[in-house]
file my_file-v4.cif (mmCIF, C-alpha atoms)
data_data
#
loop_
_atom_site.label_atom_id
_atom_site.label_comp_id
_atom_site.auth_asym_id
_atom_site.auth_seq_id
_atom_site.Cartn_x
_atom_site.Cartn_y
_atom_site.Cartn_z
CA MET A 921 66.69 43.35 50.84
CA GLU A 922 64.96 42.07 47.72
CA GLN A 923 68.14 42.61 45.68
CA ILE A 924 70.20 40.72 48.27
CA SER A 925 67.87 37.72 48.15
CA VAL A 926 68.19 37.62 44.35
CA TYR A 927 71.99 37.58 44.25
CA LEU A 928 72.79 35.87 47.56
CA PRO A 929 72.52 32.25 46.25
CA GLY A 930 75.03 32.99 43.48
CA ILE A 931 77.39 34.74 45.88
CA LEU A 932 77.27 31.81 48.30
CA LEU A 933 77.85 29.38 45.44
CA ALA A 934 80.93 31.37 44.43
CA TYR A 935 82.16 31.24 48.05
CA SER A 936 81.58 27.49 48.13
CA ALA A 937 83.45 26.89 44.88
CA PHE A 938 86.41 28.92 46.13
CA LEU A 939 86.42 27.25 49.54
CA LEU A 940 86.25 23.74 48.12
CA GLY A 941 88.94 24.65 45.62
CA ILE A 942 91.24 25.45 48.54
CA ALA A 943 90.24 22.18 50.21
CA SER A 944 91.78 20.36 47.25
CA PRO A 945 95.47 21.26 47.60
CA GLY A 946 97.09 22.48 44.40
CA PRO A 947 100.77 23.38 43.89
CA ASN A 948 100.48 26.63 45.89
CA VAL A 949 98.85 25.00 48.92
CA LEU A 950 101.28 22.08 48.77
CA ALA A 951 104.15 24.58 48.75
CA ILE A 952 102.72 26.24 51.87
CA ILE A 953 102.34 22.89 53.61
CA GLY A 954 105.80 21.71 52.56
CA THR A 955 107.46 24.97 53.59
CA SER A 956 105.77 24.89 57.01
CA MET A 957 106.94 21.32 57.58
CA ALA A 958 110.49 21.63 56.19
CA VAL A 959 111.42 25.23 57.07
CA GLY A 960 109.07 26.36 59.81
CA ARG A 961 105.67 27.77 60.60
CA GLN A 962 106.71 31.43 60.20
CA SER A 963 107.99 30.84 56.67
CA GLY A 964 104.85 28.91 55.76
CA ILE A 965 102.64 31.72 57.05
CA ALA A 966 104.62 34.33 55.10
CA LEU A 967 104.23 32.23 51.94
CA ALA A 968 100.51 31.86 52.68
CA TYR A 969 100.07 35.63 52.98
CA GLY A 970 101.79 36.12 49.62
CA VAL A 971 99.56 33.55 47.94
CA SER A 972 96.48 35.19 49.51
CA LEU A 973 97.46 38.62 48.19
CA GLY A 974 97.97 37.17 44.73
CA SER A 975 94.58 35.51 44.97
CA LEU A 976 92.99 38.85 45.91
CA CYS A 977 94.61 40.55 42.91
CA TRP A 978 93.29 37.88 40.55
CA ALA A 979 89.84 38.22 42.11
CA LEU A 980 89.84 42.01 41.64
CA LEU A 981 91.08 41.81 38.05
CA THR A 982 88.55 39.12 37.13
CA ALA A 983 85.50 40.48 38.98
CA PHE A 984 85.72 44.07 37.82
CA GLY A 985 87.00 43.09 34.40
CA LEU A 986 83.99 40.83 33.86
CA SER A 987 81.68 43.51 35.30
CA ALA A 988 82.97 46.01 32.74
CA ILE A 989 82.62 43.51 29.89
CA LEU A 990 79.06 42.56 30.87
CA ALA A 991 78.06 46.19 31.29
CA THR A 992 79.02 46.76 27.63
CA TYR A 993 78.36 43.35 26.10
CA ALA A 994 75.66 41.45 27.99
CA SER A 995 75.83 38.64 25.42
CA ALA A 996 79.41 37.93 26.52
CA LEU A 997 77.99 36.21 29.59
CA LEU A 998 77.25 33.09 27.52
CA VAL A 999 80.91 32.73 26.50
CA ILE A 1000 82.08 33.42 30.06
CA LYS A 1001 79.74 30.79 31.48
CA ILE A 1002 80.82 28.21 28.90
CA VAL A 1003 84.49 28.80 29.75
CA GLY A 1004 83.79 28.74 33.49
CA GLY A 1005 81.54 25.68 33.29
CA LEU A 1006 84.03 23.66 31.26
CA TYR A 1007 86.82 24.55 33.67
CA LEU A 1008 84.72 23.42 36.64
CA LEU A 1009 84.01 20.12 34.87
CA TRP A 1010 87.76 19.75 34.32
CA LEU A 1011 88.29 20.28 38.06
CA ALA A 1012 85.62 17.64 38.71
CA TYR A 1013 87.47 15.18 36.47
CA LYS A 1014 90.76 15.89 38.27
CA SER A 1015 89.12 15.46 41.68
CA PHE A 1016 87.53 12.14 40.74
CA ARG A 1017 90.83 10.95 39.30
CA ALA A 1018 92.63 11.96 42.50
CA ALA A 1019 90.00 10.15 44.57
CA ALA A 1020 90.60 6.97 42.57
CA SER A 1021 94.37 7.26 42.94
CA HIS A 1022 96.27 5.61 45.79
CA GLN A 1023 99.05 8.20 45.58
CA ASP A 1024 99.21 10.56 48.57
CA MET A 1025 99.80 14.28 48.21
CA ALA A 1026 103.45 15.28 47.85
CA ALA A 1027 104.09 18.43 49.86
CA LYS A 1028 107.58 19.88 49.60
CA ALA A 1029 109.30 23.16 50.36
CA LEU A 1030 110.09 25.65 47.61
CA ASN A 1031 113.34 25.21 45.72
CA GLY A 1032 116.11 27.77 46.00
CA GLY A 1033 117.06 27.52 49.67
CA ASN A 1034 115.68 29.26 52.70
CA ARG A 1035 114.49 32.86 52.49
CA SER A 1036 113.50 35.60 54.88
CA PRO A 1037 109.76 35.93 55.72
CA VAL A 1038 109.59 38.84 53.25
CA GLY A 1039 111.23 36.64 50.64
CA TYR A 1040 108.64 33.90 51.17
CA PHE A 1041 105.84 36.48 51.00
CA VAL A 1042 107.12 37.84 47.68
CA ARG A 1043 107.63 34.31 46.37
CA GLY A 1044 104.06 33.33 47.27
CA PHE A 1045 102.66 36.41 45.56
CA THR A 1046 104.78 35.79 42.46
CA ILE A 1047 103.76 32.13 42.24
CA GLN A 1048 100.07 32.98 42.42
CA MET A 1049 100.20 35.88 39.95
CA THR A 1050 102.15 33.88 37.35
CA ASN A 1051 99.82 30.89 37.53
CA PRO A 1052 97.84 30.83 34.23
CA LYS A 1053 95.24 28.50 35.71
CA ALA A 1054 94.29 31.17 38.26
CA ALA A 1055 92.59 33.23 35.55
CA LEU A 1056 90.37 30.31 34.51
CA ALA A 1057 89.61 29.45 38.11
CA TRP A 1058 88.51 32.99 38.89
CA ILE A 1059 86.40 33.25 35.73
CA ALA A 1060 84.56 30.12 36.90
CA ILE A 1061 84.16 31.39 40.49
CA ILE A 1062 83.07 34.94 39.62
CA SER A 1063 80.67 33.85 36.88
CA LEU A 1064 78.78 31.69 39.38
CA GLY A 1065 77.56 34.83 41.15
CA LEU A 1066 77.74 37.53 38.50
CA GLY A 1067 75.05 38.19 35.93
CA PRO A 1068 74.60 40.80 33.17
CA GLN A 1069 72.40 42.99 35.39
CA ALA A 1070 74.28 42.43 38.63
CA PRO A 1071 75.15 45.65 40.48
CA LEU A 1072 78.73 46.45 41.39
CA TRP A 1073 78.25 45.46 45.03
CA VAL A 1074 77.83 41.81 43.96
CA ALA A 1075 81.34 41.75 42.49
CA PHE A 1076 82.65 43.50 45.61
CA ALA A 1077 80.89 40.98 47.88
CA ILE A 1078 82.43 38.03 46.00
CA VAL A 1079 85.91 39.57 46.08
CA ALA A 1080 85.72 40.57 49.76
CA GLY A 1081 84.34 37.21 50.88
CA THR A 1082 86.82 35.11 48.93
CA ALA A 1083 89.68 37.36 50.14
CA VAL A 1084 88.77 36.62 53.75
CA LEU A 1085 88.43 32.89 53.03
CA SER A 1086 91.77 32.86 51.23
CA LEU A 1087 93.59 34.59 54.07
CA VAL A 1088 92.03 32.43 56.79
CA PHE A 1089 92.41 29.04 55.13
CA HIS A 1090 95.90 29.56 53.71
CA PHE A 1091 96.96 30.69 57.19
CA LEU A 1092 95.34 27.61 58.74
CA TYR A 1093 97.16 25.36 56.26
CA ALA A 1094 100.49 26.93 57.24
CA VAL A 1095 99.78 26.54 60.98
CA ALA A 1096 98.05 23.15 61.03
CA PHE A 1097 100.34 21.40 58.57
CA SER A 1098 103.53 22.49 60.32
CA THR A 1099 103.20 19.14 62.11
CA PRO A 1100 103.22 15.72 60.38
CA VAL A 1101 100.12 14.67 62.36
CA MET A 1102 97.81 16.85 60.28
CA VAL A 1103 99.33 15.57 57.05
CA ALA A 1104 98.63 11.99 58.20
CA LEU A 1105 95.02 12.86 59.10
CA TYR A 1106 94.41 14.56 55.77
CA THR A 1107 95.99 11.66 53.89
CA ARG A 1108 93.53 9.22 55.49
CA ALA A 1109 90.54 11.32 54.43
CA ARG A 1110 91.99 12.49 51.11
CA ARG A 1111 90.07 10.17 48.78
CA TRP A 1112 86.70 10.96 50.40
CA ILE A 1113 87.46 14.70 50.26
CA GLN A 1114 88.42 14.52 46.59
CA GLY A 1115 85.24 12.58 45.79
CA VAL A 1116 83.05 15.21 47.46
CA LEU A 1117 84.94 17.97 45.66
CA GLY A 1118 84.48 16.22 42.34
CA ALA A 1119 80.72 16.00 42.89
CA PHE A 1120 80.47 19.68 43.80
CA PHE A 1121 82.58 20.86 40.86
CA ALA A 1122 80.48 18.74 38.50
CA PHE A 1123 77.28 20.24 39.94
CA ALA A 1124 78.61 23.80 39.67
CA GLY A 1125 79.93 23.22 36.16
CA PHE A 1126 76.64 21.86 34.82
CA LYS A 1127 74.80 24.67 36.63
CA LEU A 1128 76.85 27.25 34.76
CA LEU A 1129 76.53 25.53 31.41
CA LEU A 1130 72.75 25.05 31.73
CA SER A 1131 71.87 28.43 33.25
CA ARG A 1132 70.14 30.89 30.92
CA SER A 1133 70.72 34.13 32.81
#

call {"tool": "encode", "arguments": {"input": "my_file-v4.cif", "output": "C-alpha cells"}}
result
Amino acid sequence: MEQISVYLPGILLAYSAFLLGIASPGPNVLAIIGTSMAVGRQSGIALAYGVSLGSLCWALLTAFGLSAILATYASALLVIKIVGGLYLLWLAYKSFRAAASHQDMAAKALNGGNRSPVGYFVRGFTIQMTNPKAALAWIAIISLGLGPQAPLWVAFAIVAGTAVLSLVFHFLYAVAFSTPVMVALYTRARRWIQGVLGAFFAFAGFKLLLSRS
C-alpha cells in the first residue's frame, strides 16, 4: 500500500493528461466525428476502435521502452522530462491559441470513399501509428508517472488505464457526435474547454520541467 501511495499521484496525473488530450479534438478525433456524421455511427465506431488500438500500441512501446532505458540509464530521466515538459507547454500554447480563435472545429470524413467497418478499423489504426506526434505525446504522458525507481507495475497501470480511457472516450465521440446536436453543444463550449486544457497542460509541463526526481 505504501508503494501505491507513492506512485498513485503520478499515475493519476498521467491519466488526466491523456484524458484532457482527448477532450481537445485533434485530427484523429475529428476524423471519427466527421465519419460518424457523414457516413454513419457504425463506421465512426470502427474508426474509433482502430485509433484506440493504435493508441494502446504507442502506450506499450513508450512505457516499456522508457522503463528499459531508465533501468539502465537513470540519468536519462532528465532528458525525457525536458522533452515531455516542452511538448506539454507546446500543447498549452496550442490550446490557448484555439481558445482565442473564433474558428470552430472542422470535422470531416476520411478521404477515399466509404469503406467496410474493417476498412475503417484498419484506417484508424494506421492513422494513429503513423502519427509522429503520438510518440512525443506518449513520452509526455508516461514521464508524468514514471520515475527511475518505478516498478514495472506502474508502467502497466498507466498503459492499462489509458487504454480503457481511449476505448471509452473514442467510442463516445463516435456515438455522441453522430448527430449535429452534439457538435453544436461542443462548439458553444469549445473556447472554455480549450482554455481549461491550456491551463492544465501548462501546469503539467512546468511540473515535469521543475521536478527533480

call {"tool": "resolve_selection", "arguments": {"input": "my_file-v4.cif", "expression": "the PyMOL selection byres ((chain A and resi 1087) around 9)", "output": "list in words"}}
result
Ala968, Tyr969, Val971, Ser972, Leu973, Thr1082, Ala1083, Val1084, Leu1085, Ser1086, Val1088, Phe1089, His1090, Phe1091 and Leu1092 of chain A

call {"tool": "closest_residue", "arguments": {"input": "my_file-v4.cif", "among": "A:Gly1044, A:Pro929, A:Gly1004, A:Gly941", "to": "Gly974 (chain A)", "atoms": "all atoms listed in the file"}}
result
A:Gly1044

call {"tool": "resolve_selection", "arguments": {"input": "my_file-v4.cif", "expression": "the PyMOL selection byres ((chain A and resi 1111) around 9)", "output": "number ranges by chain"}}
result
A: 1015-1016, 1018-1022, 1107-1110, 1112-1116

call {"tool": "residues_near_point", "arguments": {"input": "my_file-v4.cif", "point": "(80.8, 18.4, 37.2)", "cutoff": "9 Å", "atoms": "all atoms listed in the file", "output": "CSV table (one decimal) with C-alpha atoms, keeping the file's coordinate frame"}}
result
chain,number,residue,atom,x,y,z
A,1005,GLY,CA,81.5,25.7,33.3
A,1006,LEU,CA,84.0,23.7,31.3
A,1008,LEU,CA,84.7,23.4,36.6
A,1009,LEU,CA,84.0,20.1,34.9
A,1010,TRP,CA,87.8,19.8,34.3
A,1011,LEU,CA,88.3,20.3,38.1
A,1012,ALA,CA,85.6,17.6,38.7
A,1013,TYR,CA,87.5,15.2,36.5
A,1118,GLY,CA,84.5,16.2,42.3
A,1119,ALA,CA,80.7,16.0,42.9
A,1120,PHE,CA,80.5,19.7,43.8
A,1121,PHE,CA,82.6,20.9,40.9
A,1122,ALA,CA,80.5,18.7,38.5
A,1123,PHE,CA,77.3,20.2,39.9
A,1124,ALA,CA,78.6,23.8,39.7
A,1125,GLY,CA,79.9,23.2,36.2
A,1126,PHE,CA,76.6,21.9,34.8
A,1127,LYS,CA,74.8,24.7,36.6

call {"tool": "closest_residue", "arguments": {"input": "my_file-v4.cif", "among": "A:Tyr1093, A:Trp1058, A:Phe1045, A:Phe1076", "to": "Ala943 (chain A)", "atoms": "only C-alpha atoms"}}
result
A:Tyr1093

call {"tool": "build_atoms", "arguments": {"input": "my_file-v4.cif", "residues": "region 962-973 of chain A", "atoms": "all heavy atoms", "output": "compact mmCIF listing (two decimals), in the coordinates of the input"}}
result
# COMPACT_ATOMS: atom_id res chain seq x y z
N GLN A 962 106.65 30.02 60.58
CA GLN A 962 106.71 31.43 60.20
C GLN A 962 106.90 31.60 58.69
O GLN A 962 106.25 32.44 58.07
CB GLN A 962 107.85 32.13 60.94
CG GLN A 962 107.92 33.64 60.68
CD GLN A 962 109.05 34.31 61.44
OE1 GLN A 962 109.97 33.64 61.90
NE2 GLN A 962 108.99 35.63 61.55
N SER A 963 107.76 30.78 58.12
CA SER A 963 107.99 30.84 56.67
C SER A 963 106.76 30.41 55.90
O SER A 963 106.41 31.00 54.88
CB SER A 963 109.19 29.96 56.29
OG SER A 963 110.37 30.41 56.91
N GLY A 964 106.08 29.36 56.41
CA GLY A 964 104.85 28.91 55.76
C GLY A 964 103.76 29.96 55.80
O GLY A 964 103.03 30.16 54.82
N ILE A 965 103.65 30.66 56.93
CA ILE A 965 102.64 31.72 57.05
C ILE A 965 102.95 32.87 56.10
O ILE A 965 102.05 33.42 55.45
CB ILE A 965 102.57 32.22 58.51
CG1 ILE A 965 101.96 31.14 59.41
CG2 ILE A 965 101.74 33.50 58.60
CD1 ILE A 965 101.99 31.48 60.89
N ALA A 966 104.23 33.26 56.01
CA ALA A 966 104.62 34.33 55.10
C ALA A 966 104.29 33.96 53.65
O ALA A 966 103.77 34.78 52.88
CB ALA A 966 106.12 34.62 55.24
N LEU A 967 104.56 32.72 53.28
CA LEU A 967 104.23 32.23 51.94
C LEU A 967 102.73 32.26 51.73
O LEU A 967 102.24 32.65 50.66
CB LEU A 967 104.78 30.82 51.75
CG LEU A 967 104.63 30.20 50.36
CD1 LEU A 967 105.44 30.97 49.32
CD2 LEU A 967 105.06 28.74 50.39
N ALA A 968 101.97 31.87 52.76
CA ALA A 968 100.51 31.86 52.68
C ALA A 968 99.96 33.26 52.47
O ALA A 968 99.02 33.46 51.68
CB ALA A 968 99.93 31.25 53.96
N TYR A 969 100.52 34.25 53.16
CA TYR A 969 100.07 35.63 52.98
C TYR A 969 100.33 36.11 51.56
O TYR A 969 99.51 36.82 50.97
CB TYR A 969 100.78 36.55 53.98
CG TYR A 969 100.27 36.43 55.39
CD1 TYR A 969 101.06 36.85 56.46
CD2 TYR A 969 99.01 35.92 55.68
CE1 TYR A 969 100.61 36.75 57.78
CE2 TYR A 969 98.56 35.80 56.97
CZ TYR A 969 99.35 36.22 58.03
OH TYR A 969 98.91 36.12 59.32
N GLY A 970 101.49 35.74 51.00
CA GLY A 970 101.79 36.12 49.62
C GLY A 970 100.83 35.51 48.62
O GLY A 970 100.35 36.19 47.70
N VAL A 971 100.53 34.22 48.81
CA VAL A 971 99.56 33.55 47.94
C VAL A 971 98.19 34.20 48.06
O VAL A 971 97.49 34.41 47.06
CB VAL A 971 99.49 32.05 48.28
CG1 VAL A 971 98.32 31.39 47.54
CG2 VAL A 971 100.80 31.34 47.93
N SER A 972 97.79 34.56 49.28
CA SER A 972 96.48 35.19 49.51
C SER A 972 96.39 36.54 48.82
O SER A 972 95.35 36.88 48.24
CB SER A 972 96.23 35.35 51.01
OG SER A 972 96.13 34.10 51.64
N LEU A 973 97.46 37.33 48.88
CA LEU A 973 97.46 38.62 48.19
C LEU A 973 97.36 38.43 46.69
O LEU A 973 96.61 39.16 46.01
CB LEU A 973 98.72 39.41 48.55
CG LEU A 973 98.86 40.78 47.87
CD1 LEU A 973 97.69 41.69 48.26
CD2 LEU A 973 100.19 41.45 48.22
